[in-house]
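Below: work-v1.cif (mmCIF, C-alpha atoms)
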```cif
data_data
loop_
_atom_site.group_PDB
_atom_site.id
_atom_site.type_symbol
_atom_site.label_atom_id
_atom_site.label_comp_id
_atom_site.auth_asym_id
_atom_site.auth_seq_id
_atom_site.Cartn_x
_atom_site.Cartn_y
_atom_site.Cartn_z
ATOM 1 C CA MET R 38 78.323 93.681 75.268
ATOM 2 C CA SER R 39 75.483 92.382 77.382
ATOM 3 C CA LYS R 40 72.037 93.816 76.773
ATOM 4 C CA ILE R 41 71.390 96.889 78.916
ATOM 5 C CA ILE R 42 68.079 96.767 80.733
ATOM 6 C CA LEU R 43 66.125 99.773 81.936
ATOM 7 C CA ALA R 44 63.692 99.481 84.843
ATOM 8 C CA VAL R 45 60.334 101.141 85.269
ATOM 9 C CA VAL R 46 59.900 101.210 89.027
ATOM 10 C CA MET R 47 56.358 101.304 90.361
ATOM 11 C CA LEU R 48 56.723 102.304 94.020
ATOM 12 C CA LEU R 49 53.717 101.773 96.294
ATOM 13 C CA THR R 50 52.757 104.566 98.619
ATOM 14 C CA SER R 51 51.107 103.120 101.718
ATOM 15 C CA SER R 52 49.416 100.097 100.134
ATOM 16 C CA SER R 53 47.733 98.996 96.928
ATOM 17 C CA LEU R 54 44.098 99.895 96.258
ATOM 18 C CA TRP R 55 41.137 97.600 95.724
ATOM 19 C CA ALA R 56 38.902 99.573 93.351
ATOM 20 C CA LYS R 57 35.891 98.012 91.608
ATOM 21 C CA GLY R 58 37.397 94.557 91.973
ATOM 22 C CA SER R 59 40.842 95.576 90.711
ATOM 23 C CA ILE R 60 44.237 95.750 92.428
ATOM 24 C CA ILE R 61 45.993 99.017 91.612
ATOM 25 C CA PHE R 62 49.627 99.874 92.315
ATOM 26 C CA SER R 63 50.790 103.461 91.923
ATOM 27 C CA GLY R 64 54.406 104.464 91.415
ATOM 28 C CA GLN R 65 56.993 105.967 89.107
ATOM 29 C CA VAL R 66 59.338 105.039 86.279
ATOM 30 C CA LYS R 67 62.989 104.271 87.042
ATOM 31 C CA ALA R 68 65.922 102.651 85.287
ATOM 32 C CA GLY R 69 67.636 99.392 86.155
ATOM 33 C CA ASP R 70 70.949 99.780 84.340
ATOM 34 C CA ASN R 71 72.011 103.202 85.574
ATOM 35 C CA GLN R 72 75.156 105.135 86.091
ATOM 36 C CA THR R 73 74.580 106.055 89.709
ATOM 37 C CA PHE R 74 76.039 109.019 91.584
ATOM 38 C CA PHE R 75 76.495 108.538 95.330
ATOM 39 C CA SER R 76 77.512 111.058 97.972
ATOM 40 C CA PRO R 77 81.161 110.573 98.996
ATOM 41 C CA LYS R 78 82.597 109.972 102.433
ATOM 42 C CA THR R 79 84.280 113.035 103.914
ATOM 43 C CA ASP R 80 86.051 113.924 107.150
ATOM 44 C CA ASN R 81 82.904 115.777 108.235
ATOM 45 C CA TRP R 82 80.759 112.667 107.583
ATOM 46 C CA ARG R 83 78.026 114.724 105.923
ATOM 47 C CA VAL R 84 78.455 116.684 102.701
ATOM 48 C CA GLN R 85 76.387 119.349 100.970
ATOM 49 C CA VAL R 86 75.176 119.015 97.391
ATOM 50 C CA GLN R 87 76.566 122.200 95.857
ATOM 51 C CA TRP R 88 75.409 121.892 92.231
ATOM 52 C CA MET R 89 73.610 119.444 89.941
ATOM 53 C CA LEU R 90 72.789 119.348 86.255
ATOM 54 C CA PRO R 91 69.058 120.160 85.943
ATOM 55 C CA GLU R 92 66.870 117.079 86.187
ATOM 56 C CA GLY R 93 65.773 115.762 82.812
ATOM 57 C CA GLU R 94 68.600 117.483 80.963
ATOM 58 C CA ILE R 95 70.604 115.195 78.707
ATOM 59 C CA ALA R 96 74.143 114.716 79.981
ATOM 60 C CA LYS R 97 76.861 113.870 77.490
ATOM 61 C CA GLU R 98 79.783 111.615 78.281
ATOM 62 C CA GLY R 99 82.296 113.566 80.343
ATOM 63 C CA ASP R 100 79.823 116.248 81.466
ATOM 64 C CA LEU R 101 79.837 117.319 85.099
ATOM 65 C CA VAL R 102 76.633 116.030 86.723
ATOM 66 C CA VAL R 103 76.986 116.513 90.491
ATOM 67 C CA VAL R 104 79.295 118.742 92.531
ATOM 68 C CA PHE R 105 79.608 118.405 96.311
ATOM 69 C CA ASP R 106 80.910 121.076 98.659
ATOM 70 C CA GLY R 107 84.674 120.650 98.813
ATOM 71 C CA SER R 108 85.556 123.898 100.597
ATOM 72 C CA SER R 109 87.032 122.109 103.622
ATOM 73 C CA ILE R 110 89.156 119.906 101.349
ATOM 74 C CA GLU R 111 90.274 122.955 99.349
ATOM 75 C CA SER R 112 91.282 124.635 102.608
ATOM 76 C CA THR R 113 93.247 121.544 103.633
ATOM 77 C CA ILE R 114 94.951 121.458 100.220
ATOM 78 C CA GLU R 115 95.909 125.125 100.551
ATOM 79 C CA GLN R 116 97.331 124.582 104.030
ATOM 80 C CA THR R 117 99.201 121.442 102.966
ATOM 81 C CA THR R 118 100.635 123.223 99.905
ATOM 82 C CA THR R 119 101.912 126.035 102.134
ATOM 83 C CA SER R 120 103.409 123.511 104.547
ATOM 84 C CA LEU R 121 105.036 121.639 101.661
ATOM 85 C CA LEU R 122 106.660 124.812 100.296
ATOM 86 C CA ALA R 123 107.949 125.647 103.791
ATOM 87 C CA ALA R 124 109.258 122.079 104.228
ATOM 88 C CA GLU R 125 111.077 122.195 100.876
ATOM 89 C CA GLU R 126 112.647 125.532 101.817
ATOM 90 C CA GLU R 127 113.708 124.020 105.134
ATOM 91 C CA GLN R 128 115.239 121.071 103.315
ATOM 92 C CA PHE R 129 117.210 123.476 101.115
ATOM 93 C CA ARG R 130 118.411 125.295 104.242
ATOM 94 C CA LEU R 131 119.346 122.047 105.962
ATOM 95 C CA GLN R 132 121.198 120.871 102.859
ATOM 96 C CA GLY R 133 123.279 124.085 102.821
ATOM 97 C CA LYS R 134 123.915 123.892 106.539
ATOM 98 C CA ALA R 135 124.951 120.246 106.261
ATOM 99 C CA GLU R 136 127.463 121.032 103.539
ATOM 100 C CA GLN R 137 128.869 123.926 105.578
ATOM 101 C CA ASP R 138 129.057 121.868 108.785
ATOM 102 C CA ILE R 139 130.799 118.982 107.043
ATOM 103 C CA LEU R 140 133.207 121.370 105.325
ATOM 104 C CA GLU R 141 134.175 122.924 108.670
ATOM 105 C CA ALA R 142 134.427 119.550 110.424
ATOM 106 C CA THR R 143 136.573 118.184 107.604
ATOM 107 C CA PHE R 144 138.845 121.248 107.747
ATOM 108 C CA ASN R 145 139.251 120.891 111.521
ATOM 109 C CA HIS R 146 140.096 117.220 111.142
ATOM 110 C CA LYS R 147 142.663 117.861 108.402
ATOM 111 C CA ARG R 148 144.257 120.586 110.529
ATOM 112 C CA SER R 149 144.431 118.251 113.533
ATOM 113 C CA GLU R 150 146.062 115.581 111.375
ATOM 114 C CA LEU R 151 148.732 118.029 110.251
ATOM 115 C CA THR R 152 149.260 119.171 113.827
ATOM 116 C CA LEU R 153 149.591 115.548 114.910
ATOM 117 C CA GLU R 154 152.123 114.799 112.183
ATOM 118 C CA LYS R 155 154.255 117.796 113.220
ATOM 119 C CA ALA R 156 154.000 116.806 116.907
ATOM 120 C CA ARG R 157 155.026 113.249 116.014
ATOM 121 C CA ILE R 158 158.152 114.498 114.289
ATOM 122 C CA ASP R 159 159.065 116.748 117.232
ATOM 123 C CA ALA R 160 158.449 113.927 119.702
ATOM 124 C CA LYS R 161 160.931 111.694 117.873
ATOM 125 C CA VAL R 162 163.803 114.113 118.485
ATOM 126 C CA SER R 163 166.230 112.517 120.959
ATOM 127 C CA LYS R 164 166.937 113.902 124.435
ATOM 128 C CA GLU R 165 170.556 114.222 123.400
ATOM 129 C CA HIS R 166 169.690 117.149 121.143
ATOM 130 C CA LEU R 167 167.193 118.901 123.422
ATOM 131 C CA SER R 168 166.925 120.133 126.927
ATOM 132 C CA GLU R 169 164.833 118.059 129.318
ATOM 133 C CA TYR R 170 162.155 120.731 129.313
ATOM 134 C CA ASP R 171 161.880 120.872 125.502
ATOM 135 C CA TYR R 172 161.880 117.106 125.222
ATOM 136 C CA GLN R 173 159.044 116.720 127.735
ATOM 137 C CA GLN R 174 157.148 119.581 126.088
ATOM 138 C CA ASN R 175 157.354 117.778 122.731
ATOM 139 C CA GLN R 176 156.007 114.577 124.279
ATOM 140 C CA LEU R 177 153.130 116.499 125.878
ATOM 141 C CA ASN R 178 152.292 118.259 122.616
ATOM 142 C CA TYR R 179 152.283 114.920 120.818
ATOM 143 C CA GLU R 180 149.789 113.460 123.318
ATOM 144 C CA LYS R 181 147.566 116.534 123.001
ATOM 145 C CA ALA R 182 147.676 116.264 119.214
ATOM 146 C CA LEU R 183 146.647 112.618 119.396
ATOM 147 C CA VAL R 184 143.630 113.517 121.535
ATOM 148 C CA GLU R 185 142.710 116.463 119.315
ATOM 149 C CA GLU R 186 142.941 114.366 116.125
ATOM 150 C CA ALA R 187 140.689 111.679 117.598
ATOM 151 C CA LYS R 188 138.272 114.343 118.790
ATOM 152 C CA THR R 189 137.979 116.066 115.398
ATOM 153 C CA LYS R 190 137.620 112.723 113.667
ATOM 154 C CA GLU R 191 134.725 111.846 115.985
ATOM 155 C CA GLN R 192 133.199 115.286 115.443
ATOM 156 C CA LEU R 193 133.357 114.802 111.657
ATOM 157 C CA GLN R 194 131.568 111.451 111.910
ATOM 158 C CA GLN R 195 128.936 112.875 114.278
ATOM 159 C CA THR R 196 128.378 115.862 111.995
ATOM 160 C CA LYS R 197 127.776 113.571 109.020
ATOM 161 C CA ILE R 198 125.354 111.394 111.010
ATOM 162 C CA ALA R 199 123.456 114.346 112.484
ATOM 163 C CA ASN R 200 123.045 116.020 109.111
ATOM 164 C CA ASN R 201 121.980 112.791 107.423
ATOM 165 C CA VAL R 202 119.362 112.241 110.131
ATOM 166 C CA ALA R 203 118.070 115.820 109.817
ATOM 167 C CA LEU R 204 117.880 115.606 106.021
ATOM 168 C CA ASN R 205 116.199 112.191 106.069
ATOM 169 C CA LYS R 206 113.627 113.410 108.602
ATOM 170 C CA GLN R 207 112.924 116.423 106.432
ATOM 171 C CA LYS R 208 112.618 114.234 103.330
ATOM 172 C CA LEU R 209 110.145 112.051 105.223
ATOM 173 C CA THR R 210 108.142 115.137 106.228
ATOM 174 C CA ILE R 211 108.046 116.275 102.602
ATOM 175 C CA SER R 212 107.019 112.811 101.445
ATOM 176 C CA GLN R 213 104.176 112.709 103.981
ATOM 177 C CA LEU R 214 103.003 116.183 102.937
ATOM 178 C CA LYS R 215 103.062 115.160 99.273
ATOM 179 C CA GLN R 216 101.024 112.039 100.052
ATOM 180 C CA THR R 217 98.522 114.115 102.038
ATOM 181 C CA LEU R 218 98.310 116.625 99.193
ATOM 182 C CA SER R 219 97.790 113.889 96.610
ATOM 183 C CA TYR R 220 95.163 112.211 98.791
ATOM 184 C CA ASN R 221 93.186 115.413 99.257
ATOM 185 C CA LYS R 222 93.444 116.345 95.582
ATOM 186 C CA ASN R 223 92.054 112.911 94.769
ATOM 187 C CA LYS R 224 89.240 113.470 97.296
ATOM 188 C CA LEU R 225 88.506 116.869 95.785
ATOM 189 C CA GLY R 226 88.339 115.263 92.344
ATOM 190 C CA LYS R 227 85.650 112.924 93.654
ATOM 191 C CA MET R 228 83.565 115.880 94.795
ATOM 192 C CA GLY R 229 82.685 116.471 91.163
ATOM 193 C CA LEU R 230 81.089 113.475 89.413
ATOM 194 C CA ARG R 231 80.996 113.191 85.614
ATOM 195 C CA ALA R 232 78.829 111.253 83.210
ATOM 196 C CA GLU R 233 80.250 108.067 81.736
ATOM 197 C CA ARG R 234 77.389 107.767 79.244
ATOM 198 C CA SER R 235 74.861 110.001 77.547
ATOM 199 C CA GLY R 236 71.349 110.140 78.954
ATOM 200 C CA PRO R 237 68.839 112.136 80.999
ATOM 201 C CA VAL R 238 69.760 113.075 84.561
ATOM 202 C CA ILE R 239 67.325 111.743 87.158
ATOM 203 C CA TYR R 240 67.529 112.968 90.747
ATOM 204 C CA GLY R 241 67.435 110.461 93.603
ATOM 205 C CA ASN R 242 65.104 110.503 96.586
ATOM 206 C CA HIS R 243 65.908 111.284 100.190
ATOM 207 C CA PRO R 244 66.159 107.881 101.960
ATOM 208 C CA TRP R 245 64.209 109.132 104.989
ATOM 209 C CA ASN R 246 61.341 111.217 103.661
ATOM 210 C CA GLY R 247 61.261 110.283 99.972
ATOM 211 C CA GLU R 248 61.669 113.882 98.778
ATOM 212 C CA LYS R 249 63.678 114.615 95.651
ATOM 213 C CA VAL R 250 67.334 115.445 96.151
ATOM 214 C CA PHE R 251 67.959 119.180 95.718
ATOM 215 C CA VAL R 252 70.894 121.566 95.526
ATOM 216 C CA GLY R 253 71.885 122.651 99.036
ATOM 217 C CA MET R 254 70.779 119.408 100.651
ATOM 218 C CA THR R 255 73.130 117.763 103.146
ATOM 219 C CA ALA R 256 73.731 114.076 102.437
ATOM 220 C CA GLN R 257 75.377 111.231 104.287
ATOM 221 C CA PRO R 258 77.924 108.901 102.642
ATOM 222 C CA SER R 259 76.590 106.540 99.946
ATOM 223 C CA TRP R 260 73.224 108.248 99.505
ATOM 224 C CA LEU R 261 71.904 108.025 95.960
ATOM 225 C CA ILE R 262 72.031 111.581 94.588
ATOM 226 C CA ALA R 263 71.346 111.117 90.890
ATOM 227 C CA GLU R 264 71.495 108.590 88.075
ATOM 228 C CA ILE R 265 71.713 108.425 84.317
ATOM 229 C CA PRO R 266 69.660 105.570 82.870
ATOM 230 C CA SER R 267 70.041 103.633 79.685
ATOM 231 C CA LEU R 268 66.963 103.721 77.473
ATOM 232 C CA ASN R 269 67.333 100.235 75.951
ATOM 233 C CA GLY R 270 64.803 97.702 77.269
ATOM 234 C CA LEU R 271 62.195 98.232 80.009
ATOM 235 C CA TYR R 272 60.728 96.357 82.935
ATOM 236 C CA ILE R 273 58.485 97.305 85.834
ATOM 237 C CA GLU R 274 59.293 97.089 89.533
ATOM 238 C CA ALA R 275 56.507 97.392 92.109
ATOM 239 C CA TRP R 276 56.536 97.228 95.895
ATOM 240 C CA VAL R 277 53.522 95.263 97.123
ATOM 241 C CA HIS R 278 52.099 95.628 100.623
ATOM 242 C CA GLU R 279 52.203 92.497 102.750
ATOM 243 C CA VAL R 280 48.394 92.411 102.798
ATOM 244 C CA ASP R 281 48.200 92.202 98.992
ATOM 245 C CA TYR R 282 51.209 89.944 98.540
ATOM 246 C CA GLN R 283 49.124 86.782 99.019
ATOM 247 C CA HIS R 284 46.917 87.737 96.045
ATOM 248 C CA LEU R 285 49.782 87.785 93.524
ATOM 249 C CA LEU R 286 50.648 84.919 91.219
ATOM 250 C CA LEU R 287 53.652 84.585 88.936
ATOM 251 C CA ASN R 288 52.914 85.279 85.217
ATOM 252 C CA ALA R 289 49.660 87.082 86.052
ATOM 253 C CA LYS R 290 48.589 89.649 83.460
ATOM 254 C CA ALA R 291 48.261 93.348 84.385
ATOM 255 C CA THR R 292 47.743 96.735 82.759
ATOM 256 C CA LEU R 293 50.286 99.546 82.918
ATOM 257 C CA THR R 294 48.916 103.089 82.556
ATOM 258 C CA LEU R 295 51.404 105.932 82.687
ATOM 259 C CA ASP R 296 50.117 109.331 83.797
ATOM 260 C CA ALA R 297 51.744 110.897 80.739
ATOM 261 C CA TYR R 298 49.900 108.481 78.389
ATOM 262 C CA GLN R 299 46.622 107.730 80.145
ATOM 263 C CA SER R 300 44.890 106.963 76.854
ATOM 264 C CA LEU R 301 47.537 104.390 75.934
ATOM 265 C CA PRO R 302 47.384 101.462 78.384
ATOM 266 C CA MET R 303 50.039 98.777 77.990
ATOM 267 C CA GLN R 304 49.977 95.066 78.737
ATOM 268 C CA ALA R 305 52.241 93.877 81.549
ATOM 269 C CA GLN R 306 53.062 90.496 83.067
ATOM 270 C CA LEU R 307 54.298 89.647 86.558
ATOM 271 C CA THR R 308 57.701 87.979 86.117
ATOM 272 C CA GLU R 309 59.241 87.957 89.594
ATOM 273 C CA ILE R 310 57.994 87.991 93.196
ATOM 274 C CA SER R 311 60.340 88.509 96.144
ATOM 275 C CA THR R 312 60.172 86.003 98.994
ATOM 276 C CA GLN R 313 61.625 88.378 101.589
ATOM 277 C CA PRO R 314 59.750 91.538 102.689
ATOM 278 C CA GLU R 315 61.518 94.835 103.246
ATOM 279 C CA GLU R 316 60.694 97.868 105.328
ATOM 280 C CA ARG R 317 60.043 101.124 103.477
ATOM 281 C CA LYS R 318 60.540 103.734 106.179
ATOM 282 C CA GLU R 319 59.090 106.539 104.104
ATOM 283 C CA TRP R 320 55.774 104.628 103.980
ATOM 284 C CA GLY R 321 55.522 103.698 107.643
ATOM 285 C CA ASN R 322 56.289 100.578 109.656
ATOM 286 C CA ASP R 323 54.682 98.037 107.286
ATOM 287 C CA VAL R 324 56.695 95.735 105.051
ATOM 288 C CA TYR R 325 56.566 95.344 101.278
ATOM 289 C CA TYR R 326 57.536 92.748 98.688
ATOM 290 C CA ARG R 327 59.416 93.576 95.526
ATOM 291 C CA THR R 328 57.855 92.426 92.257
ATOM 292 C CA THR R 329 58.918 92.898 88.640
ATOM 293 C CA PHE R 330 56.856 92.978 85.455
ATOM 294 C CA SER R 331 57.670 92.793 81.786
ATOM 295 C CA PHE R 332 55.517 94.951 79.492
ATOM 296 C CA LYS R 333 54.924 95.822 75.860
ATOM 297 C CA ASN R 334 55.045 99.271 74.316
ATOM 298 C CA PRO R 335 53.250 98.785 70.975
ATOM 299 C CA GLN R 336 52.646 102.514 70.523
ATOM 300 C CA LYS R 337 56.421 103.116 70.771
ATOM 301 C CA VAL R 338 55.859 106.160 72.995
ATOM 302 C CA LYS R 339 58.851 107.723 74.717
ATOM 303 C CA ILE R 340 59.083 106.545 78.335
ATOM 304 C CA LEU R 341 61.545 108.227 80.659
ATOM 305 C CA PRO R 342 62.469 107.435 84.259
ATOM 306 C CA GLY R 343 60.568 109.573 86.732
ATOM 307 C CA MET R 344 57.198 109.215 84.990
ATOM 308 C CA SER R 345 54.410 108.151 87.347
ATOM 309 C CA GLY R 346 51.749 105.600 86.548
ATOM 310 C CA GLN R 347 49.672 102.645 87.709
ATOM 311 C CA ILE R 348 49.657 98.868 87.401
ATOM 312 C CA SER R 349 46.267 97.262 87.753
ATOM 313 C CA PHE R 350 44.933 93.713 87.777
ATOM 314 C CA SER R 351 41.517 93.322 86.129
ATOM 315 C CA ASP R 352 38.530 91.453 87.643
ATOM 316 C CA SER R 353 39.226 88.387 85.530
ATOM 317 C CA VAL R 354 42.834 88.344 86.573
ATOM 318 C CA LYS R 355 41.873 88.726 90.227
ATOM 319 C CA GLU R 356 39.534 85.759 89.980
ATOM 320 C CA SER R 357 42.285 83.649 88.399
ATOM 321 C CA LEU R 358 44.545 84.379 91.364
#
```
How would this structure read if it were set down as structure tokens?
Amino acid sequence: MSKIILAVVMLLTSSSLWAKGSIIFSGQVKAGDNQTFFSPKTDNWRVQVQWMLPEGEIAKEGDLVVVFDGSSIESTIEQTTTSLLAAEEEQFRLQGKAEQDILEATFNHKRSELTLEKARIDAKVSKEHLSEYDYQQNQLNYEKALVEEAKTKEQLQQTKIANNVALNKQKLTISQLKQTLSYNKNKLGKMGLRAERSGPVIYGNHPWNGEKVFVGMTAQPSWLIAEIPSLNGLYIEAWVHEVDYQHLLLNAKATLTLDAYQSLPMQAQLTEISTQPEERKEWGNDVYYRTTFSFKNPQKVKILPGMSGQISFSDSVKESL
């Protein structure tokens, strides 16, 4: 397996600070290799966060982490289930009716065949043995029997076709209802997201105002709701204001001071500088550059995503830039 890397993300607020000759970036700790939980797409476009595992609590593999409001989907499933039961009952009724209709049509056809056979025999009797009236009556009956036999035969064929069409249409309706039911059950299953690894639950931030995600919030599709980080390996990510970007140099040394361990500064090194700026709407209309730092944790203190802290460049480092 490839090495899992965790990110410590140092997010700038409005810009970095120049204090006593030092550049200071403030931000918070985040993870790079996360299991991320995004809000799903629903028919209503927006979806409410109904429940979340408390932030910071350790989720075990298979635990439920986030639940979205699926009441509309549950209602659709209930309605579809009712429709499916009704459609299956209708199919049973149509099947019985088809059997009865075919039985009656078959009986009528058999009776017309027997009538035709009798009329054929009577029609073959010579005039010599019958009066003119009886002879002509036998010929007329034979012609009527021929028409009736053809008619009942056609009715039998039409009955079979009509019943097959009705049954096939009903089977198609049932199939469509089953597909709809399966689709909505699958959607409902996605309204509850489970952990695929063990780790602390970290809530995401609202993409517009930067506030923490909370239970009861309404989210749009693909918003980051929560994540579970891996705790193996760390790096630092900082967003640098366009004004300060020109002062940065690859491999420059810096100091990382976490708010939780202010007496334990750590050495950091700038390892990557983005060449394309990005807008951070929650900070205003200015643009920022993404930078990453490696750092050492000689004290072996426990660092968790969500911790806030600062990255600073010393006077000597600033002069070397």
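For the set R:Ser163, R:Gln116, R:Ser349, R:Asn81, the residue with the smallest atom-to-atom gap to Ala275 of chain R is R:Ser349, counting all atoms listed in the file.
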Quick one: residues within 8 Å of Tyr172 of chain R, all atoms listed in the file, excluding same-chain residues fewer than 5 positions away - as a list in words? Ala160, Val162, Ser163, Lys164 and Leu167 of chain R
For the point (78.5, 111.4, 90.0) in file coordinates, what residues are within 8 Å, counting only C-alpha atoms? Give the answer as a ChimeraX atom specification? /R:73-75,101-104,229-232,262-264
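Around Glu92 of chain R, within 10 Å and counting only C-alpha atoms, the residues found are Met89, Ile95, Ala96, Val102, Pro237, Val238, Ile239, Tyr240, Gly241, Phe251, Ala263, Glu264 and Gly343 of chain R, once anything fewer than 3 positions away on its own chain is removed.
Residues matched by the PyMOL selection byres ((chain R and resi 282) around 12) in this file: Ser52, Ser53, Ile60, Phe62, Ala275, Trp276, Val277, His278, Glu279, Val280, Asp281, Gln283, His284, Leu285, Leu286, Leu287, Ile310, Ser311, Thr312, Gln313, Pro314, Val324, Tyr325, Tyr326, Arg327, Thr328 and Leu358 of chain R.
Nearest to Thr210 of chain R of all the residues R:Ile114, R:Ala305, R:Val338, R:Leu122 is R:Leu122, based on all atoms listed in the file.
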Tell me, as a ChimeraX atom specification, which residues lie within 10 Å of Thr118 of chain R, counting all atoms listed in the file; anything in the same chain fewer than 3 positions away does not count. /R:112-115,121-124,214-215,217-218
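Nearest to Pro302 of chain R of all the residues R:Gln347, R:Glu150, R:Thr329, R:Gln207 is R:Gln347, based on only C-alpha atoms.
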Excluding His146 of chain R and residues on its chain fewer than 2 positions from it, collect all residues at most 7 Å away from it, counting only C-alpha atoms, and give them as a PyMOL selection string. chain R and resi 142-144+148-150+186+189-190
With all atoms listed in the file as the counted atoms, please give the residues lying no more than 9 Å from Gln132 of chain R, apart from itself and same-chain residues fewer than 4 positions off, as a PyMOL selection string. chain R and resi 127-128+136-137+200+204
Size and centre in Å, one decimal, axis-aligned box, all listed segment 160-175 of chain R atoms plus 3 Å per side, as AutoDock Vina command-line options:
```
--center_x 163.9 --center_y 116.3 --center_z 123.6 --size_x 19.4 --size_y 15.2 --size_z 17.4
```
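Closest approach to Lys224 of chain R among R:Ala187, R:Leu151, R:Ile158, R:Ile110 is made by R:Ile110 (distances from only C-alpha atoms).
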In Å and to one decimal, atom CA of Leu177 of chain R is distant from atom CA of Glu154 of chain R by 13.8 Å
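The spacing separating atom CA of Asn145 of chain R from atom CA of Glu185 of chain R amounts to 9.6 Å.
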What does the structure give for the distance between atom CA of Ser76 of chain R and atom CA of Ser259 of chain R, in Å to one decimal? 5.0 Å
When the PyMOL selection byres ((chain R and resi 289) around 7) is applied to the file above, which residues end up in the set, as JSON, numbers by chain? {"R": [286, 287, 288, 290, 291, 306, 307, 354]}
Result set, the PyMOL selection byres ((chain R and resi 244) around 9) on current file, as an NGL selection string: :R and (241-243 or 245-248 or 260-261 or 318-319)
Nearest-residue call for Ser63 of chain R, choices R:Glu94, R:Glu315, R:Asp138, R:Glu274, using only C-alpha atoms: R:Glu274
